[in-house]
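Inspection log for the structure reproduced underneath, given as structure tokens.
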There are 2 protein chains.
Amino acid sequence: MSPQALKARKGEETRAQILDAAVQQASEAGFESLTIGSLAERTGLSKSGLFAHFGSRTDLQVAALDEASRRFTEAVFLPALKAPRGLKRLRALFENWISWPEHANLRGGCPMQAASAEYDDRPGPMKDAVVERQRHLARELAKAVQLAVASGELRADTDARQFVFEMFGLVLAYYHTQRLLGDAGAAARAIAGFDRLVGAHRAPAAKSPTRPAAARR
Amino acid sequence: MSPQALKARKGEETRAQILDAAVQQASEAGFESLTIGSLAERTGLSKSGLFAHFGSRTDLQVAALDEASRRFTEAVFLPALKAPRGLKRLRALFENWISWPEHANLRGGCPMQAASAEYDDRPGPMKDAVVERQRHLARELAKAVQLAVASGELRADTDARQFVFEMFGLVLAYYHTQRLLGDAGAAARAIAGFDRLVGAHRAPAAKSPTRPAAARR
DNA sequence: ACAAAAAACGAACGGTCGTACTATTGTGGC
DNA sequence: GCCACAATAGTACGACCGTTCGTTTTTTGT
């Protein structure tokens, strides 16, 4: 009846609401806290009514992780694609990565990070899903670093995976310091760290982007 | 009767065994996984028998966290005190920090890190305890950085807290990469990052330790 | 408007959770 | 060897867990 409800067969709409509540809760208390009962109460559904949408609790957790991952891409990667390739885009990725939980109204912090900590030692469908997403993230970030090398902004001998490793560290330290210790200066520290990281790999000023300077050693 | 059991009134011995199992399990599955039942089965005690040692589940969790923290200090800080103050000690701290879960036979990774991720959003006695330990850790590390400044190995304008923030990041990235992704090269990446971090703050070669070079800007 | 299909409900199951009680066993000092 | 007490076991409780099943309500296509 509603104008836009041409294909959303009502069930999907409810499912989306459930997943919204689930991502919210996972952000605050982790994916292991996603129980049928608590989520049913949160959404106003009955336990059995909610359960029917997923078939099992594990499937619900995986669906919530997928939704969180989708939002991560939407909030971090898509906007960064508007920035020109190279350092500008890399910096946009870093800043979006740090700030996306706030912008996505996830008061409990990045759910992907929560999932990583929860399942790094628990084999199963959830760990598999988490690992796959994190590998994908690392690959995409490495690509962005390579683009900054190709554009001549970073030195040709830059180790992209090492660079990504250290970026990861800065983000994790930010989450840790900001959320656990409540340190308001954490964002500035993370940015400063990123600046230093970039500075250590910056190519000596040269305007020609396509032809990377020969590795000088 | 046993020679050394002069004061360990048997109950304390049992309690120690329980906490050993608890720390082990917390390392693998987090402190929220510490249930009376599972721990009772693991130790061969009855639920009520185990329960009597702590009075409540929360007290058990806090006791397990204390024990984990004690072992952390024992494995990371105490050995590092044997190294001479300055860069040597700082590097020892970093390397011990990274490798202590293995050395302490904690196959599930650093329990302090697990606790940080679990309780950063759940107010209560556990969060209070975790925050206090992490603040303490950050303070002690900052002191070690300051000693390296005082010895003239690091530049006088080194921001100790920023340095610690980035050290933290490298350790977190190591745990993340090593445990979740199973990347065997993670340790090398972490060390490389630390080297770069030190290199960025290293004072220009000068042998006089006590008199820090005037900040040159 | 009506029938078919989808969605949500309500009650019940076996299990585990933390915790409170009482009873039984084991240990340590004399 | 005995006694006081510490340590452990046993049992029971209410609450919540994931899941199943049969029923009822709501939505959808015509």
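Quick note on naming: the chains in the structure tokens go A, B, ... in the order shown, residues restart at 1 in each chain, and ligands are numbered from 1 in order of appearance.
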Quiz item: If we count only C-alpha atoms (C1' of nucleotides), what is near DC21 of chain D at a cut-off of 12 Å, once residues fewer than 4 positions away on the same chain are taken out, given as a VMD selection string?
Solution: (chain A and resid 48) or (chain C and resid 9 to 13)
Can you check which parts of chain D lie within 12 Å of chain A? Per residue, the shortest pair of atoms and distance in Å to one decimal, counting only C-alpha atoms (C1' of nucleotides), sorted by chain and number, as CSV.
residue,atom,partner,partner_atom,distance
D:DC16,C1',A:Gly37,CA,8.3
D:DC17,C1',A:Thr35,CA,8.1
D:DG18,C1',A:Arg57,CA,7.3
D:DT19,C1',A:Ser56,CA,8.2
D:DT20,C1',A:Ser48,CA,9.5
D:DC21,C1',A:Ser48,CA,10.5
D:DT26,C1',A:Lys10,CA,10.2
D:DT27,C1',A:Lys10,CA,7.9
D:DT28,C1',A:Arg9,CA,8.5
Self-check item: Nearby residues (only C-alpha atoms (C1' of nucleotides)) at most 12 Å from Val131 of chain B, same-chain spacing under 5 positions excluded, as a list in words
Solution: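 Near Val131 of chain B, the qualifying residues are His176, Thr177, Gln178, Arg179, Leu180, Leu181, Gly182 and Asp183 of chain A; Leu65, Ser69, Met112, Gln113, Ala115, Ser116, Ala117, Glu118, Tyr119, Asp120, Asp121, Arg122, Pro123, Gly124, Pro125, Met126, His136, Leu137 and Ala138 of chain B.
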Quiz item: Within 9 Å of Arg189 of chain A, counting only C-alpha atoms (C1' of nucleotides), which residues qualify if same-chain residues fewer than 5 places away don't, as JSON, numbers by chain?
Solution: {"A": [170, 174, 194], "B": [161, 162, 165, 166]}
Quiz item: Which neighbours of DT11 of chain D fall inside 10 Å, counting only C-alpha atoms (C1' of nucleotides), when residues of the same chain fewer than 5 positions from it are skipped, and could you give them as an MDAnalysis selection string?
Solution: chainID C and resid 21:23
I need the residues of segment 9-182 of chain A that end up classed as alpha helix (DSSP H) by DSSP on the backbone, written out as a PDB file with C-alpha atoms, in the first residue's frame.
ATOM      1  CA  GLY A  11       8.815  -9.569   5.703  1.00  0.00           C
ATOM      2  CA  GLU A  12      11.978  -8.092   4.296  1.00  0.00           C
ATOM      3  CA  GLU A  13      11.157  -4.799   5.900  1.00  0.00           C
ATOM      4  CA  THR A  14      10.806  -6.447   9.296  1.00  0.00           C
ATOM      5  CA  ARG A  15      13.995  -8.346   8.692  1.00  0.00           C
ATOM      6  CA  ALA A  16      15.773  -5.099   7.988  1.00  0.00           C
ATOM      7  CA  GLN A  17      14.513  -3.633  11.244  1.00  0.00           C
ATOM      8  CA  ILE A  18      15.729  -6.689  13.123  1.00  0.00           C
ATOM      9  CA  LEU A  19      19.155  -6.404  11.543  1.00  0.00           C
ATOM     10  CA  ASP A  20      19.283  -2.734  12.376  1.00  0.00           C
ATOM     11  CA  ALA A  21      18.680  -3.517  16.027  1.00  0.00           C
ATOM     12  CA  ALA A  22      21.136  -6.400  15.815  1.00  0.00           C
ATOM     13  CA  VAL A  23      23.970  -4.263  14.419  1.00  0.00           C
ATOM     14  CA  GLN A  24      23.295  -1.652  17.046  1.00  0.00           C
ATOM     15  CA  GLN A  25      23.462  -4.224  19.809  1.00  0.00           C
ATOM     16  CA  ALA A  26      26.498  -5.975  18.354  1.00  0.00           C
ATOM     17  CA  SER A  27      28.287  -2.651  18.363  1.00  0.00           C
ATOM     18  CA  GLU A  28      27.578  -2.207  22.048  1.00  0.00           C
ATOM     19  CA  ALA A  29      27.901  -5.707  23.434  1.00  0.00           C
ATOM     20  CA  ILE A  36      16.658 -14.299  20.185  1.00  0.00           C
ATOM     21  CA  GLY A  37      14.946 -13.113  23.335  1.00  0.00           C
ATOM     22  CA  SER A  38      16.693  -9.782  23.748  1.00  0.00           C
ATOM     23  CA  LEU A  39      16.346  -8.949  20.082  1.00  0.00           C
ATOM     24  CA  ALA A  40      12.667  -9.882  20.119  1.00  0.00           C
ATOM     25  CA  GLU A  41      12.031  -7.545  22.986  1.00  0.00           C
ATOM     26  CA  ARG A  42      14.024  -4.770  21.309  1.00  0.00           C
ATOM     27  CA  THR A  43      11.975  -5.023  18.130  1.00  0.00           C
ATOM     28  CA  LYS A  47      10.636 -14.812  19.988  1.00  0.00           C
ATOM     29  CA  SER A  48       9.195 -17.293  17.506  1.00  0.00           C
ATOM     30  CA  GLY A  49       8.207 -14.557  15.092  1.00  0.00           C
ATOM     31  CA  LEU A  50      11.715 -13.187  15.018  1.00  0.00           C
ATOM     32  CA  PHE A  51      13.270 -16.623  14.903  1.00  0.00           C
ATOM     33  CA  ARG A  57      20.709 -18.043  15.908  1.00  0.00           C
ATOM     34  CA  THR A  58      23.971 -18.510  14.016  1.00  0.00           C
ATOM     35  CA  ASP A  59      22.337 -17.475  10.766  1.00  0.00           C
ATOM     36  CA  LEU A  60      21.075 -14.369  12.492  1.00  0.00           C
ATOM     37  CA  GLN A  61      24.565 -13.530  13.714  1.00  0.00           C
ATOM     38  CA  VAL A  62      26.033 -14.005  10.260  1.00  0.00           C
ATOM     39  CA  ALA A  63      23.287 -11.870   8.739  1.00  0.00           C
ATOM     40  CA  ALA A  64      24.036  -9.138  11.266  1.00  0.00           C
ATOM     41  CA  LEU A  65      27.724  -9.315  10.402  1.00  0.00           C
ATOM     42  CA  ASP A  66      26.921  -9.011   6.711  1.00  0.00           C
ATOM     43  CA  GLU A  67      24.820  -5.979   7.382  1.00  0.00           C
ATOM     44  CA  ALA A  68      27.560  -4.392   9.479  1.00  0.00           C
ATOM     45  CA  SER A  69      30.077  -5.081   6.744  1.00  0.00           C
ATOM     46  CA  ARG A  70      27.789  -3.562   4.156  1.00  0.00           C
ATOM     47  CA  ARG A  71      27.492  -0.396   6.189  1.00  0.00           C
ATOM     48  CA  PHE A  72      31.244  -0.281   6.688  1.00  0.00           C
ATOM     49  CA  LEU A  78      32.249   4.664  -1.155  1.00  0.00           C
ATOM     50  CA  PRO A  79      32.848   8.246  -0.007  1.00  0.00           C
ATOM     51  CA  ALA A  80      36.616   7.804  -0.363  1.00  0.00           C
ATOM     52  CA  LEU A  87      47.428  10.153  -0.880  1.00  0.00           C
ATOM     53  CA  LYS A  88      44.194  12.118  -0.806  1.00  0.00           C
ATOM     54  CA  ARG A  89      42.119   8.994  -1.113  1.00  0.00           C
ATOM     55  CA  LEU A  90      44.291   7.090   1.314  1.00  0.00           C
ATOM     56  CA  ARG A  91      43.841   9.780   3.903  1.00  0.00           C
ATOM     57  CA  ALA A  92      40.112   9.850   3.302  1.00  0.00           C
ATOM     58  CA  LEU A  93      39.983   6.102   3.869  1.00  0.00           C
ATOM     59  CA  PHE A  94      41.867   6.457   7.112  1.00  0.00           C
ATOM     60  CA  GLU A  95      39.692   9.246   8.427  1.00  0.00           C
ATOM     61  CA  ASN A  96      36.454   7.587   7.387  1.00  0.00           C
ATOM     62  CA  TRP A  97      37.608   4.370   8.993  1.00  0.00           C
ATOM     63  CA  ILE A  98      38.217   6.113  12.268  1.00  0.00           C
ATOM     64  CA  SER A  99      35.031   8.097  12.346  1.00  0.00           C
ATOM     65  CA  TRP A 100      32.471   5.812  10.776  1.00  0.00           C
ATOM     66  CA  PRO A 101      31.065   4.339  13.997  1.00  0.00           C
ATOM     67  CA  GLU A 102      29.968   7.795  15.096  1.00  0.00           C
ATOM     68  CA  HIS A 103      28.595   8.700  11.706  1.00  0.00           C
ATOM     69  CA  PRO A 111      31.171  -3.886  15.039  1.00  0.00           C
ATOM     70  CA  MET A 112      33.697  -5.382  12.635  1.00  0.00           C
ATOM     71  CA  GLN A 113      36.401  -4.793  15.196  1.00  0.00           C
ATOM     72  CA  ALA A 114      34.216  -6.309  17.908  1.00  0.00           C
ATOM     73  CA  ALA A 115      33.658  -9.370  15.758  1.00  0.00           C
ATOM     74  CA  SER A 116      37.382  -9.740  15.095  1.00  0.00           C
ATOM     75  CA  ALA A 117      38.142  -9.852  18.792  1.00  0.00           C
ATOM     76  CA  GLU A 118      35.264 -12.185  19.563  1.00  0.00           C
ATOM     77  CA  TYR A 119      35.894 -14.842  16.962  1.00  0.00           C
ATOM     78  CA  PRO A 125      30.782 -19.744  10.379  1.00  0.00           C
ATOM     79  CA  MET A 126      31.242 -16.459  12.192  1.00  0.00           C
ATOM     80  CA  LYS A 127      35.018 -16.653  12.220  1.00  0.00           C
ATOM     81  CA  ASP A 128      35.029 -17.629   8.562  1.00  0.00           C
ATOM     82  CA  ALA A 129      32.911 -14.636   7.684  1.00  0.00           C
ATOM     83  CA  VAL A 130      35.005 -12.252   9.764  1.00  0.00           C
ATOM     84  CA  VAL A 131      38.269 -13.482   8.317  1.00  0.00           C
ATOM     85  CA  GLU A 132      36.997 -13.136   4.793  1.00  0.00           C
ATOM     86  CA  ARG A 133      35.886  -9.549   5.356  1.00  0.00           C
ATOM     87  CA  GLN A 134      39.108  -8.558   7.046  1.00  0.00           C
ATOM     88  CA  ARG A 135      41.218 -10.046   4.301  1.00  0.00           C
ATOM     89  CA  HIS A 136      39.143  -8.159   1.773  1.00  0.00           C
ATOM     90  CA  LEU A 137      39.627  -4.950   3.713  1.00  0.00           C
ATOM     91  CA  ALA A 138      43.391  -5.433   3.878  1.00  0.00           C
ATOM     92  CA  ARG A 139      43.540  -6.113   0.129  1.00  0.00           C
ATOM     93  CA  GLU A 140      41.551  -3.009  -0.728  1.00  0.00           C
ATOM     94  CA  LEU A 141      43.688  -0.854   1.524  1.00  0.00           C
ATOM     95  CA  ALA A 142      46.841  -2.244  -0.031  1.00  0.00           C
ATOM     96  CA  LYS A 143      45.460  -1.306  -3.431  1.00  0.00           C
ATOM     97  CA  ALA A 144      44.915   2.237  -2.246  1.00  0.00           C
ATOM     98  CA  VAL A 145      48.508   2.381  -1.040  1.00  0.00           C
ATOM     99  CA  GLN A 146      49.729   1.088  -4.375  1.00  0.00           C
ATOM    100  CA  LEU A 147      47.805   3.848  -6.124  1.00  0.00           C
ATOM    101  CA  ALA A 148      49.658   6.368  -4.009  1.00  0.00           C
ATOM    102  CA  VAL A 149      52.900   4.732  -5.088  1.00  0.00           C
ATOM    103  CA  ALA A 150      51.825   4.769  -8.723  1.00  0.00           C
ATOM    104  CA  ALA A 160      52.147  -1.771   0.861  1.00  0.00           C
ATOM    105  CA  ARG A 161      51.338  -4.575   3.284  1.00  0.00           C
ATOM    106  CA  GLN A 162      53.599  -3.128   5.948  1.00  0.00           C
ATOM    107  CA  PHE A 163      51.969   0.232   5.396  1.00  0.00           C
ATOM    108  CA  VAL A 164      48.518  -1.304   5.819  1.00  0.00           C
ATOM    109  CA  PHE A 165      49.660  -3.162   8.928  1.00  0.00           C
ATOM    110  CA  GLU A 166      50.664   0.093  10.548  1.00  0.00           C
ATOM    111  CA  MET A 167      47.490   1.850   9.427  1.00  0.00           C
ATOM    112  CA  PHE A 168      45.582  -0.951  11.059  1.00  0.00           C
ATOM    113  CA  GLY A 169      47.534  -0.448  14.239  1.00  0.00           C
ATOM    114  CA  LEU A 170      46.713   3.230  14.384  1.00  0.00           C
ATOM    115  CA  VAL A 171      43.012   2.543  13.939  1.00  0.00           C
ATOM    116  CA  LEU A 172      43.020  -0.167  16.586  1.00  0.00           C
ATOM    117  CA  ALA A 173      44.914   2.026  19.002  1.00  0.00           C
ATOM    118  CA  TYR A 174      42.399   4.767  18.346  1.00  0.00           C
ATOM    119  CA  TYR A 175      39.425   2.526  19.062  1.00  0.00           C
TER     120      TYR A 175
END
Do you have, as a Markdown table, the list of residues of chain C lying at most 12 Å from chain B, each with its nearest atom pair and that distance in Å to one decimal, counting only C-alpha atoms (C1' of nucleotides) and ordered by chain then number?
| residue | atom | partner | partner_atom | distance |
| --- | --- | --- | --- | --- |
| C:DT16 | C1' | B:Gly37 | CA | 8.3 |
| C:DC17 | C1' | B:Thr35 | CA | 8.0 |
| C:DG18 | C1' | B:Arg57 | CA | 7.3 |
| C:DT19 | C1' | B:Ser56 | CA | 8.0 |
| C:DA20 | C1' | B:Ser48 | CA | 10.0 |
| C:DC21 | C1' | B:Ser48 | CA | 10.7 |
| C:DT22 | C1' | B:Ser48 | CA | 11.9 |
| C:DT25 | C1' | B:Gly49 | CA | 12.0 |
| C:DG26 | C1' | B:Lys10 | CA | 10.4 |
| C:DT27 | C1' | B:Lys10 | CA | 8.4 |
| C:DG28 | C1' | B:Arg9 | CA | 8.8 |
Those residues with N, CA and C atoms (P, O5', C5', C4', C3', O3' and C1' of nucleotides), as an mmCIF file, in the first residue's frame please?
data_model
loop_
_atom_site.group_PDB
_atom_site.id
_atom_site.type_symbol
_atom_site.label_atom_id
_atom_site.label_comp_id
_atom_site.auth_asym_id
_atom_site.auth_seq_id
_atom_site.Cartn_x
_atom_site.Cartn_y
_atom_site.Cartn_z
ATOM 1 P P DT C 16 23.218 -28.957 29.284
ATOM 2 O "O5'" DT C 16 23.416 -27.446 29.775
ATOM 3 C "C5'" DT C 16 23.668 -26.438 28.813
ATOM 4 C "C4'" DT C 16 23.590 -25.086 29.474
ATOM 5 C "C3'" DT C 16 24.467 -24.975 30.735
ATOM 6 O "O3'" DT C 16 25.357 -23.878 30.580
ATOM 7 C "C1'" DT C 16 22.259 -24.170 31.126
ATOM 8 P P DC C 17 26.453 -23.559 31.670
ATOM 9 O "O5'" DC C 17 25.835 -22.269 32.399
ATOM 10 C "C5'" DC C 17 25.520 -21.131 31.615
ATOM 11 C "C4'" DC C 17 24.677 -20.160 32.414
ATOM 12 C "C3'" DC C 17 25.135 -19.958 33.839
ATOM 13 O "O3'" DC C 17 26.156 -18.995 33.875
ATOM 14 C "C1'" DC C 17 22.758 -20.121 33.722
ATOM 15 P P DG C 18 27.112 -18.996 35.156
ATOM 16 O "O5'" DG C 18 26.230 -18.290 36.284
ATOM 17 C "C5'" DG C 18 25.785 -16.962 36.100
ATOM 18 C "C4'" DG C 18 24.952 -16.519 37.273
ATOM 19 C "C3'" DG C 18 25.694 -16.510 38.615
ATOM 20 O "O3'" DG C 18 25.288 -15.393 39.370
ATOM 21 C "C1'" DG C 18 23.869 -18.020 38.724
ATOM 22 P P DT C 19 25.996 -15.067 40.739
ATOM 23 O "O5'" DT C 19 25.078 -15.820 41.792
ATOM 24 C "C5'" DT C 19 23.712 -15.467 41.872
ATOM 25 C "C4'" DT C 19 22.972 -16.409 42.788
ATOM 26 C "C3'" DT C 19 23.588 -16.574 44.186
ATOM 27 O "O3'" DT C 19 22.695 -15.993 45.134
ATOM 28 C "C1'" DT C 19 22.800 -18.632 43.298
ATOM 29 P P DA C 20 23.185 -15.724 46.628
ATOM 30 O "O5'" DA C 20 22.303 -16.756 47.474
ATOM 31 C "C5'" DA C 20 20.906 -16.711 47.378
ATOM 32 C "C4'" DA C 20 20.338 -17.993 47.955
ATOM 33 C "C3'" DA C 20 20.923 -18.344 49.327
ATOM 34 O "O3'" DA C 20 19.967 -17.986 50.340
ATOM 35 C "C1'" DA C 20 20.855 -20.249 47.847
ATOM 36 P P DC C 21 19.988 -18.526 51.798
ATOM 37 O "O5'" DC C 21 19.133 -19.878 51.672
ATOM 38 C "C5'" DC C 21 19.126 -20.747 52.756
ATOM 39 C "C4'" DC C 21 19.217 -22.186 52.293
ATOM 40 C "C3'" DC C 21 19.943 -23.079 53.286
ATOM 41 O "O3'" DC C 21 19.017 -23.481 54.270
ATOM 42 C "C1'" DC C 21 20.463 -23.658 51.016
ATOM 43 P P DT C 22 19.549 -23.958 55.726
ATOM 44 O "O5'" DT C 22 19.879 -25.492 55.454
ATOM 45 C "C5'" DT C 22 18.990 -26.277 54.672
ATOM 46 C "C4'" DT C 22 19.646 -27.595 54.326
ATOM 47 C "C3'" DT C 22 20.344 -28.287 55.504
ATOM 48 O "O3'" DT C 22 19.973 -29.653 55.522
ATOM 49 C "C1'" DT C 22 21.834 -28.081 53.695
ATOM 50 P P DT C 25 29.932 -38.849 53.287
ATOM 51 O "O5'" DT C 25 31.413 -38.294 53.128
ATOM 52 C "C5'" DT C 25 31.817 -37.750 51.871
ATOM 53 C "C4'" DT C 25 32.886 -36.719 52.062
ATOM 54 C "C3'" DT C 25 34.215 -37.238 52.618
ATOM 55 O "O3'" DT C 25 35.128 -37.361 51.555
ATOM 56 C "C1'" DT C 25 33.614 -35.085 53.457
ATOM 57 P P DG C 26 36.543 -38.073 51.834
ATOM 58 O "O5'" DG C 26 37.476 -36.866 52.310
ATOM 59 C "C5'" DG C 26 37.760 -35.817 51.393
ATOM 60 C "C4'" DG C 26 38.430 -34.670 52.134
ATOM 61 C "C3'" DG C 26 39.780 -35.016 52.760
ATOM 62 O "O3'" DG C 26 40.773 -34.205 52.144
ATOM 63 C "C1'" DG C 26 38.355 -33.863 54.314
ATOM 64 P P DT C 27 42.292 -34.487 52.507
ATOM 65 O "O5'" DT C 27 42.613 -33.378 53.598
ATOM 66 C "C5'" DT C 27 42.239 -32.029 53.326
ATOM 67 C "C4'" DT C 27 42.478 -31.171 54.546
ATOM 68 C "C3'" DT C 27 43.851 -31.369 55.206
ATOM 69 O "O3'" DT C 27 44.500 -30.116 55.246
ATOM 70 C "C1'" DT C 27 42.102 -31.400 56.824
ATOM 71 P P DG C 28 45.990 -29.992 55.668
ATOM 72 O "O5'" DG C 28 45.843 -29.410 57.156
ATOM 73 C "C5'" DG C 28 45.111 -28.208 57.347
ATOM 74 C "C4'" DG C 28 45.119 -27.821 58.812
ATOM 75 C "C3'" DG C 28 46.480 -27.911 59.499
ATOM 76 O "O3'" DG C 28 46.626 -26.807 60.373
ATOM 77 C "C1'" DG C 28 44.934 -29.354 60.586
#
